[in-house]
Amino acid sequence: MRYPMCTMGKQIKIQLFVAAALCMFCAPLVYAQEVLRSEILAKLNDAVFEVVVLKPDEGSLEYEKELPLERIPFAIRTDKYLPIGTAFLMDDGLFYSAAHVFNLTEESQYGDYYLRSYDGSVYKVNSVLSFATDRDFIVFSVDGYTKIGKGLSAKQDIDLNTQTFSVGNALGEGIIIRNGLLTSKTFEQENGAWKWLRFSAAASPGNSGGPLITPDGKVLGIITMKSANENLNYALPFEETKKVLSGTGSVHLTLHYVMPNILEEKFFYVYDYEQKLPKKLTDARRAIIEDYGTFTAHIIKDIQKKFDFAGETGFTKADGSLELMYTPWLPRFPLTIVRSDNKKWNSYMPNDISEYKLPQNGSVSYGHMLNVTMALIKKPDNVDYKELILSPKLYMDYLLSASRMYRTVGSERVAVTSYGKPARSHTHKDIYGRTWLVNYWSLPFADAEAVSFALPVPGGLYIMSKTDSTAAIRNGHNLDYAFMTDYVIPRYAASFKNWKEFLSLPQNVYEHDPLFASMKFDFGSNGTALKNGEYELSFPSKTFAADEDTTLRIFLGFYTKKEKPYFELRGFDMFTNSRSDDYKYISITKQLNPSEDAPQTMFDTWLQKITQSTPFNAQPYNQDQYTYYDEILFLNGMPAKERERLPFVYHLSTELKQHNKFKEIEAFASAVKKALKMPKSSK
């Protein structure tokens, strides 16, 4: 693999300035060999430039302490520009560089591009005259430059093992010349349409776009990239710039797109785009980025179509689907359904889940998986739920306090304590109709952004968050995580108080998960009532003495309708304070009849339930420090001989604190059954 030598790529480092992107005020040429004549050096001084952008402002970021900017060298600290590459003037009066220096297909927080000469003069890049991304070159004009007659001349060919010089902005130290040999000419990999020049002269980040020259100052090519495996660098032969029609810009990219939760496959695509030139650089970039964004959106749709839930590779039908569709889900942390390397679907959570305590009984449980930070935030007691979901700054501050983000200044790391208010916000509805809150924050110092997809849950939020380059967030991760929302199994568990607060949110504040459209829940001094559209449960306080700290948890289950997946409320449990001697626990879950191709273990468990074998035989038993009671409930009037064909049954489970409370738990279970209204049929 080969890597461009520009200073910015899709994989960023969150630090003050990457060394390759730092520059003191542009210095006169420095050279290691006394082989270039003084007149050639003078010509290079006039013809080779740094490509720079204005340093972005600090934005709304907050830090744990004041940034120690005095640790940065004076010249870098006081430079208002950020160097990102090199360009040079030819004797045809035009300027040349590597196309990737100008991020033609990638969004950026940088605005205009400029050239800076050895004497510190700055000129704005004006119009693009031609470019080709596969050959990695761009031709353009600038505003206000008057020394047009002092450009470099081209030389088409020299022998191998002839001395050459790389000229460029090496590691932001001004324009530097370094010598080496022309070692080989190598076919470009896709179809051998031209040969790259390979040379041994040193070339560092920032050299991209500079000229590779002969000892007499003639331009052989445009420095573009370096080998990942060898100490060799690549340049495009200059004559290749003339093989693209004047007034034409072409983008040709071959790429492998990888979805975060589809591990077993990389999706190969080819992107081709052409535009008529000349155009202002800003207009040319805007048109390309818009078209490339449309192309990327089509990639996601194409991948979605391949793994469509109605198709044979979707998780509702493919290998692993039986366990996913059959299981009633109450995860301890939200799960993501992933297609692994063996092409089997399964559910996963991060292995390294940590918990960070917030004030007032709040917490952040978080981990990392699929290159994403995943977090379950439990709000502090003194924070209003409406305030939480309407304040992305607040919940991202919570996440940053747990999963730290640092900015490196000199040799010191300083923690980012807040991203501030988001730069952009919108909502996303997944396939189940759940509304995700989507927010973006700018990290201008690194041309980066952070994105979060947040799903409100009772008592808090589940968040998927990613920080990466601006380009990767705006045309990649924004689509990837929208795709992933269809594969999230959330955790719905909270106190009675938090459930009431969650369910009472007005629709104009937050549009609830359709799953809860039929759910009604209330509690108070008169008792507790729960209705989920399929069954109702209502009992007085003497049966179940609930308060606002009592816990309610919802079991989720999948089902399909017209080959589209849906979630249903597969069951619930509720329990009082487990430390109290009056602790009580109730659970009612729907248990499905396995399909014909299910594993034998599922059939064995199903048979155990419908025959009411131990422990499902309504007989109390002791285990650990509790008394337990389990019973299978059948639909009204269902004869025993027909039970095996039932699509589902209900499993009632109760618990009481301490052993041998057999009479008490039988009376408790009887009261629950009396209060329960089940459907009269399985349809």
# chains A, B, ... in the order shown; residues from 1 in each chain; ligands from 1
call {"tool": "select_by_dssp", "arguments": {"residues": "region 347-450 of chain A", "states": "strand (DSSP E)", "output": "number ranges by chain"}}
result
A: 347-348, 354-357, 363-369, 372-378, 405-409, 412-418, 424-429, 435-443, 448-450
call {"tool": "residues_around", "arguments": {"residues": "Val672 (chain A)", "least_positions_apart": "2", "cutoff": "9 Å", "atoms": "only C-alpha atoms", "output": "NGL selection string"}}
result
:A and (537-539 or 543 or 586 or 652 or 667-670 or 674-676)
call {"tool": "write_last_selection", "arguments": {"atoms": "N, CA and C atoms", "output": "PDB file, in the first residue's frame"}}
result
ATOM      1  N   LEU A 537     -52.011  -5.927  33.854  1.00  0.00           N
ATOM      2  CA  LEU A 537     -51.744  -6.362  35.217  1.00  0.00           C
ATOM      3  C   LEU A 537     -52.033  -5.184  36.125  1.00  0.00           C
ATOM      4  N   SER A 538     -52.923  -5.389  37.081  1.00  0.00           N
ATOM      5  CA  SER A 538     -53.283  -4.316  38.002  1.00  0.00           C
ATOM      6  C   SER A 538     -53.521  -4.919  39.373  1.00  0.00           C
ATOM      7  N   PHE A 539     -52.749  -4.505  40.354  1.00  0.00           N
ATOM      8  CA  PHE A 539     -52.938  -5.054  41.688  1.00  0.00           C
ATOM      9  C   PHE A 539     -52.720  -3.977  42.745  1.00  0.00           C
ATOM     10  N   THR A 543     -50.685  -6.145  47.688  1.00  0.00           N
ATOM     11  CA  THR A 543     -50.078  -7.262  46.949  1.00  0.00           C
ATOM     12  C   THR A 543     -48.638  -6.948  46.569  1.00  0.00           C
ATOM     13  N   ILE A 586     -41.619  -9.861  40.491  1.00  0.00           N
ATOM     14  CA  ILE A 586     -42.608 -10.427  39.562  1.00  0.00           C
ATOM     15  C   ILE A 586     -42.016 -10.384  38.161  1.00  0.00           C
ATOM     16  N   LEU A 652     -44.672 -17.162  34.295  1.00  0.00           N
ATOM     17  CA  LEU A 652     -44.794 -16.341  35.493  1.00  0.00           C
ATOM     18  C   LEU A 652     -43.711 -16.764  36.478  1.00  0.00           C
ATOM     19  N   ALA A 667     -49.385 -17.545  47.797  1.00  0.00           N
ATOM     20  CA  ALA A 667     -50.438 -16.532  47.889  1.00  0.00           C
ATOM     21  C   ALA A 667     -50.119 -15.337  46.990  1.00  0.00           C
ATOM     22  N   PHE A 668     -48.829 -14.963  46.948  1.00  0.00           N
ATOM     23  CA  PHE A 668     -48.399 -13.850  46.095  1.00  0.00           C
ATOM     24  C   PHE A 668     -48.623 -14.182  44.625  1.00  0.00           C
ATOM     25  N   ALA A 669     -48.221 -15.369  44.195  1.00  0.00           N
ATOM     26  CA  ALA A 669     -48.420 -15.786  42.807  1.00  0.00           C
ATOM     27  C   ALA A 669     -49.898 -15.857  42.462  1.00  0.00           C
ATOM     28  N   SER A 670     -50.705 -16.315  43.393  1.00  0.00           N
ATOM     29  CA  SER A 670     -52.149 -16.395  43.152  1.00  0.00           C
ATOM     30  C   SER A 670     -52.740 -15.005  42.954  1.00  0.00           C
ATOM     31  N   LYS A 674     -54.511 -13.563  39.567  1.00  0.00           N
ATOM     32  CA  LYS A 674     -55.864 -13.002  39.636  1.00  0.00           C
ATOM     33  C   LYS A 674     -55.914 -11.609  39.012  1.00  0.00           C
ATOM     34  N   ALA A 675     -54.813 -10.863  39.175  1.00  0.00           N
ATOM     35  CA  ALA A 675     -54.771  -9.500  38.641  1.00  0.00           C
ATOM     36  C   ALA A 675     -54.419  -9.453  37.160  1.00  0.00           C
ATOM     37  N   LEU A 676     -53.969 -10.580  36.598  1.00  0.00           N
ATOM     38  CA  LEU A 676     -53.483 -10.611  35.215  1.00  0.00           C
ATOM     39  C   LEU A 676     -54.614 -10.898  34.237  1.00  0.00           C
TER      40      LEU A 676
END
call {"tool": "select_by_dssp", "arguments": {"residues": "region 262-297 of chain A", "states": "alpha helix (DSSP H)", "output": "VMD selection string"}}
result
chain A and resid 281 to 297
call {"tool": "atom_distance", "arguments": {"atom1": "CA of Leu54 (chain A)", "atom2": "CA of Leu82 (chain A)"}}
result
6.0 Å
call {"tool": "residues_around", "arguments": {"residues": "Ser347 (chain A)", "least_positions_apart": "4", "cutoff": "6 Å", "atoms": "only C-alpha atoms", "output": "NGL selection string"}}
result
:A and (335-337)
call {"tool": "closest_residue", "arguments": {"among": "A:Ser418, A:Thr105, A:Ser354, A:Thr560", "to": "Phe309 (chain A)", "atoms": "only C-alpha atoms"}}
result
A:Thr560
call {"tool": "closest_residue", "arguments": {"among": "A:Tyr234, A:Tyr406, A:Trp436, A:Tyr81", "to": "Asp112 (chain A)", "atoms": "only C-alpha atoms"}}
result
A:Tyr81
call {"tool": "residues_around", "arguments": {"residues": "Lys421 (chain A)", "least_positions_apart": "2", "cutoff": "12 Å", "atoms": "only C-alpha atoms", "output": "PyMOL selection string"}}
result
chain A and resi 59-62+390-397+418-419+423-425+439-443+450
call {"tool": "closest_residue", "arguments": {"among": "A:Asn475, A:Gln507, A:Gly533, A:Pro359", "to": "Asp291 (chain A)", "atoms": "only C-alpha atoms"}}
result
A:Asn475
call {"tool": "residues_around", "arguments": {"residues": "Glu264 (chain A)", "least_positions_apart": "6", "cutoff": "10 Å", "atoms": "only C-alpha atoms", "output": "list in words"}}
result
Val258, Val338, Arg339, Ser340, Asp341, Asn342, Lys343 and Lys344 of chain A
call {"tool": "closest_residue", "arguments": {"among": "A:Tyr583, A:Phe572, A:Phe558, A:Phe187", "to": "Asn532 (chain A)", "atoms": "only C-alpha atoms"}}
result
A:Phe572
call {"tool": "residues_around", "arguments": {"residues": "Met464 (chain A)", "least_positions_apart": "3", "cutoff": "7 Å", "atoms": "only C-alpha atoms", "output": "PDB file with C-alpha atoms, in the first residue's frame"}}
result
ATOM      1  CA  VAL A 372     -17.121   3.221  18.418  1.00  0.00           C
ATOM      2  CA  THR A 373     -17.496   4.524  21.964  1.00  0.00           C
ATOM      3  CA  MET A 374     -20.737   3.125  23.384  1.00  0.00           C
ATOM      4  CA  ALA A 375     -22.185   4.545  26.587  1.00  0.00           C
ATOM      5  CA  SER A 452     -23.086  11.044  18.528  1.00  0.00           C
ATOM      6  CA  PHE A 453     -26.259   9.051  17.949  1.00  0.00           C
ATOM      7  CA  ALA A 454     -28.289   9.118  21.175  1.00  0.00           C
TER       8      ALA A 454
END
call {"tool": "atom_distance", "arguments": {"atom1": "CA of Asp486 (chain A)", "atom2": "CA of Pro565 (chain A)"}}
result
9.6 Å
call {"tool": "closest_residue", "arguments": {"among": "A:Pro422, A:Pro444, A:Pro237, A:Pro56", "to": "Arg407 (chain A)", "atoms": "only C-alpha atoms"}}
result
A:Pro444
call {"tool": "closest_residue", "arguments": {"among": "A:Arg491, A:His426, A:Arg286, A:Lys542", "to": "Ser525 (chain A)", "atoms": "only C-alpha atoms"}}
result
A:Lys542
call {"tool": "decode", "arguments": {"residues": "region 79-94 of chain A", "atoms": "all heavy atoms", "output": "PDB file, in the first residue's frame"}}
result
ATOM      1  N   ASP A  79       2.608  31.725  14.021  1.00  0.00           N
ATOM      2  CA  ASP A  79       2.253  31.623  12.598  1.00  0.00           C
ATOM      3  C   ASP A  79       0.738  31.511  12.472  1.00  0.00           C
ATOM      4  O   ASP A  79       0.114  30.647  13.091  1.00  0.00           O
ATOM      5  CB  ASP A  79       2.928  30.394  11.993  1.00  0.00           C
ATOM      6  CG  ASP A  79       2.829  30.355  10.468  1.00  0.00           C
ATOM      7  OD1 ASP A  79       2.107  31.194   9.893  1.00  0.00           O
ATOM      8  OD2 ASP A  79       3.479  29.481   9.873  1.00  0.00           O
ATOM      9  N   LYS A  80       0.137  32.371  11.694  1.00  0.00           N
ATOM     10  CA  LYS A  80      -1.318  32.302  11.543  1.00  0.00           C
ATOM     11  C   LYS A  80      -1.749  31.308  10.471  1.00  0.00           C
ATOM     12  O   LYS A  80      -2.943  31.091  10.264  1.00  0.00           O
ATOM     13  CB  LYS A  80      -1.885  33.686  11.259  1.00  0.00           C
ATOM     14  CG  LYS A  80      -1.664  34.229   9.861  1.00  0.00           C
ATOM     15  CD  LYS A  80      -2.392  35.569   9.723  1.00  0.00           C
ATOM     16  CE  LYS A  80      -2.435  36.046   8.295  1.00  0.00           C
ATOM     17  NZ  LYS A  80      -3.210  37.288   8.151  1.00  0.00           N
ATOM     18  N   TYR A  81      -0.777  30.702   9.793  1.00  0.00           N
ATOM     19  CA  TYR A  81      -1.083  29.727   8.748  1.00  0.00           C
ATOM     20  C   TYR A  81      -0.644  28.326   9.169  1.00  0.00           C
ATOM     21  O   TYR A  81       0.262  28.154   9.988  1.00  0.00           O
ATOM     22  CB  TYR A  81      -0.391  30.101   7.433  1.00  0.00           C
ATOM     23  CG  TYR A  81      -0.949  31.348   6.785  1.00  0.00           C
ATOM     24  CD1 TYR A  81      -0.307  32.573   6.947  1.00  0.00           C
ATOM     25  CD2 TYR A  81      -2.116  31.293   6.033  1.00  0.00           C
ATOM     26  CE1 TYR A  81      -0.813  33.724   6.359  1.00  0.00           C
ATOM     27  CE2 TYR A  81      -2.629  32.441   5.440  1.00  0.00           C
ATOM     28  CZ  TYR A  81      -1.983  33.649   5.608  1.00  0.00           C
ATOM     29  OH  TYR A  81      -2.492  34.779   5.031  1.00  0.00           O
ATOM     30  N   LEU A  82      -1.268  27.359   8.540  1.00  0.00           N
ATOM     31  CA  LEU A  82      -0.954  25.952   8.761  1.00  0.00           C
ATOM     32  C   LEU A  82      -0.515  25.364   7.433  1.00  0.00           C
ATOM     33  O   LEU A  82      -1.280  25.326   6.475  1.00  0.00           O
ATOM     34  CB  LEU A  82      -2.208  25.236   9.260  1.00  0.00           C
ATOM     35  CG  LEU A  82      -2.090  23.810   9.751  1.00  0.00           C
ATOM     36  CD1 LEU A  82      -1.275  23.741  11.024  1.00  0.00           C
ATOM     37  CD2 LEU A  82      -3.479  23.237   9.990  1.00  0.00           C
ATOM     38  N   PRO A  83       0.746  24.918   7.288  1.00  0.00           N
ATOM     39  CA  PRO A  83       1.199  24.352   6.014  1.00  0.00           C
ATOM     40  C   PRO A  83       0.704  22.927   5.831  1.00  0.00           C
ATOM     41  O   PRO A  83       0.733  22.132   6.760  1.00  0.00           O
ATOM     42  CB  PRO A  83       2.718  24.394   6.116  1.00  0.00           C
ATOM     43  CG  PRO A  83       3.038  24.604   7.537  1.00  0.00           C
ATOM     44  CD  PRO A  83       1.817  25.043   8.252  1.00  0.00           C
ATOM     45  N   ILE A  84       0.254  22.601   4.625  1.00  0.00           N
ATOM     46  CA  ILE A  84      -0.291  21.266   4.380  1.00  0.00           C
ATOM     47  C   ILE A  84       0.350  20.575   3.176  1.00  0.00           C
ATOM     48  O   ILE A  84       0.043  19.412   2.913  1.00  0.00           O
ATOM     49  CB  ILE A  84      -1.825  21.320   4.180  1.00  0.00           C
ATOM     50  CG1 ILE A  84      -2.177  22.213   3.004  1.00  0.00           C
ATOM     51  CG2 ILE A  84      -2.517  21.794   5.442  1.00  0.00           C
ATOM     52  CD1 ILE A  84      -3.654  22.192   2.648  1.00  0.00           C
ATOM     53  N   GLY A  85       1.221  21.253   2.443  1.00  0.00           N
ATOM     54  CA  GLY A  85       1.842  20.625   1.284  1.00  0.00           C
ATOM     55  C   GLY A  85       2.713  21.610   0.533  1.00  0.00           C
ATOM     56  O   GLY A  85       3.105  22.664   1.058  1.00  0.00           O
ATOM     57  N   THR A  86       3.003  21.277  -0.716  1.00  0.00           N
ATOM     58  CA  THR A  86       3.915  22.058  -1.546  1.00  0.00           C
ATOM     59  C   THR A  86       3.314  22.245  -2.936  1.00  0.00           C
ATOM     60  O   THR A  86       2.529  21.402  -3.393  1.00  0.00           O
ATOM     61  CB  THR A  86       5.275  21.331  -1.667  1.00  0.00           C
ATOM     62  OG1 THR A  86       5.764  21.029  -0.367  1.00  0.00           O
ATOM     63  CG2 THR A  86       6.306  22.168  -2.397  1.00  0.00           C
ATOM     64  N   ALA A  87       3.661  23.339  -3.595  1.00  0.00           N
ATOM     65  CA  ALA A  87       3.276  23.584  -4.987  1.00  0.00           C
ATOM     66  C   ALA A  87       4.445  24.292  -5.681  1.00  0.00           C
ATOM     67  O   ALA A  87       5.340  24.830  -5.023  1.00  0.00           O
ATOM     68  CB  ALA A  87       2.011  24.434  -5.063  1.00  0.00           C
ATOM     69  N   PHE A  88       4.415  24.302  -7.008  1.00  0.00           N
ATOM     70  CA  PHE A  88       5.508  24.968  -7.730  1.00  0.00           C
ATOM     71  C   PHE A  88       4.991  25.570  -9.029  1.00  0.00           C
ATOM     72  O   PHE A  88       3.968  25.146  -9.590  1.00  0.00           O
ATOM     73  CB  PHE A  88       6.667  24.009  -7.998  1.00  0.00           C
ATOM     74  CG  PHE A  88       6.309  22.779  -8.787  1.00  0.00           C
ATOM     75  CD1 PHE A  88       6.482  22.730 -10.162  1.00  0.00           C
ATOM     76  CD2 PHE A  88       5.801  21.653  -8.146  1.00  0.00           C
ATOM     77  CE1 PHE A  88       6.164  21.590 -10.894  1.00  0.00           C
ATOM     78  CE2 PHE A  88       5.479  20.502  -8.867  1.00  0.00           C
ATOM     79  CZ  PHE A  88       5.659  20.465 -10.235  1.00  0.00           C
ATOM     80  N   LEU A  89       5.715  26.574  -9.496  1.00  0.00           N
ATOM     81  CA  LEU A  89       5.381  27.310 -10.717  1.00  0.00           C
ATOM     82  C   LEU A  89       6.230  26.785 -11.870  1.00  0.00           C
ATOM     83  O   LEU A  89       7.435  26.605 -11.735  1.00  0.00           O
ATOM     84  CB  LEU A  89       5.652  28.798 -10.513  1.00  0.00           C
ATOM     85  CG  LEU A  89       5.504  29.717 -11.732  1.00  0.00           C
ATOM     86  CD1 LEU A  89       4.053  29.806 -12.161  1.00  0.00           C
ATOM     87  CD2 LEU A  89       6.071  31.108 -11.400  1.00  0.00           C
ATOM     88  N   MET A  90       5.556  26.537 -13.020  1.00  0.00           N
ATOM     89  CA  MET A  90       6.273  26.109 -14.224  1.00  0.00           C
ATOM     90  C   MET A  90       6.399  27.270 -15.205  1.00  0.00           C
ATOM     91  O   MET A  90       5.745  28.316 -15.060  1.00  0.00           O
ATOM     92  CB  MET A  90       5.555  24.929 -14.859  1.00  0.00           C
ATOM     93  CG  MET A  90       5.646  23.646 -14.041  1.00  0.00           C
ATOM     94  SD  MET A  90       7.333  23.011 -13.866  1.00  0.00           S
ATOM     95  CE  MET A  90       7.631  22.393 -15.536  1.00  0.00           C
ATOM     96  N   ASP A  91       7.216  27.074 -16.236  1.00  0.00           N
ATOM     97  CA  ASP A  91       7.463  28.140 -17.204  1.00  0.00           C
ATOM     98  C   ASP A  91       6.283  28.404 -18.129  1.00  0.00           C
ATOM     99  O   ASP A  91       6.332  29.322 -18.950  1.00  0.00           O
ATOM    100  CB  ASP A  91       8.728  27.869 -18.012  1.00  0.00           C
ATOM    101  CG  ASP A  91       8.711  26.503 -18.687  1.00  0.00           C
ATOM    102  OD1 ASP A  91       7.629  25.860 -18.715  1.00  0.00           O
ATOM    103  OD2 ASP A  91       9.770  26.071 -19.176  1.00  0.00           O
ATOM    104  N   ASP A  92       5.209  27.605 -17.999  1.00  0.00           N
ATOM    105  CA  ASP A  92       3.988  27.921 -18.751  1.00  0.00           C
ATOM    106  C   ASP A  92       3.109  28.902 -17.989  1.00  0.00           C
ATOM    107  O   ASP A  92       1.991  29.220 -18.420  1.00  0.00           O
ATOM    108  CB  ASP A  92       3.212  26.639 -19.072  1.00  0.00           C
ATOM    109  CG  ASP A  92       2.806  25.850 -17.822  1.00  0.00           C
ATOM    110  OD1 ASP A  92       3.073  26.330 -16.695  1.00  0.00           O
ATOM    111  OD2 ASP A  92       2.236  24.752 -17.968  1.00  0.00           O
ATOM    112  N   GLY A  93       3.602  29.369 -16.814  1.00  0.00           N
ATOM    113  CA  GLY A  93       2.857  30.353 -16.024  1.00  0.00           C
ATOM    114  C   GLY A  93       1.813  29.738 -15.116  1.00  0.00           C
ATOM    115  O   GLY A  93       1.044  30.479 -14.487  1.00  0.00           O
ATOM    116  N   LEU A  94       1.769  28.419 -15.012  1.00  0.00           N
ATOM    117  CA  LEU A  94       0.768  27.740 -14.193  1.00  0.00           C
ATOM    118  C   LEU A  94       1.419  27.085 -12.979  1.00  0.00           C
ATOM    119  O   LEU A  94       2.614  26.772 -12.985  1.00  0.00           O
ATOM    120  CB  LEU A  94       0.037  26.680 -15.023  1.00  0.00           C
ATOM    121  CG  LEU A  94      -0.657  27.186 -16.290  1.00  0.00           C
ATOM    122  CD1 LEU A  94      -1.300  26.033 -17.049  1.00  0.00           C
ATOM    123  CD2 LEU A  94      -1.692  28.261 -15.952  1.00  0.00           C
TER     124      LEU A  94
END
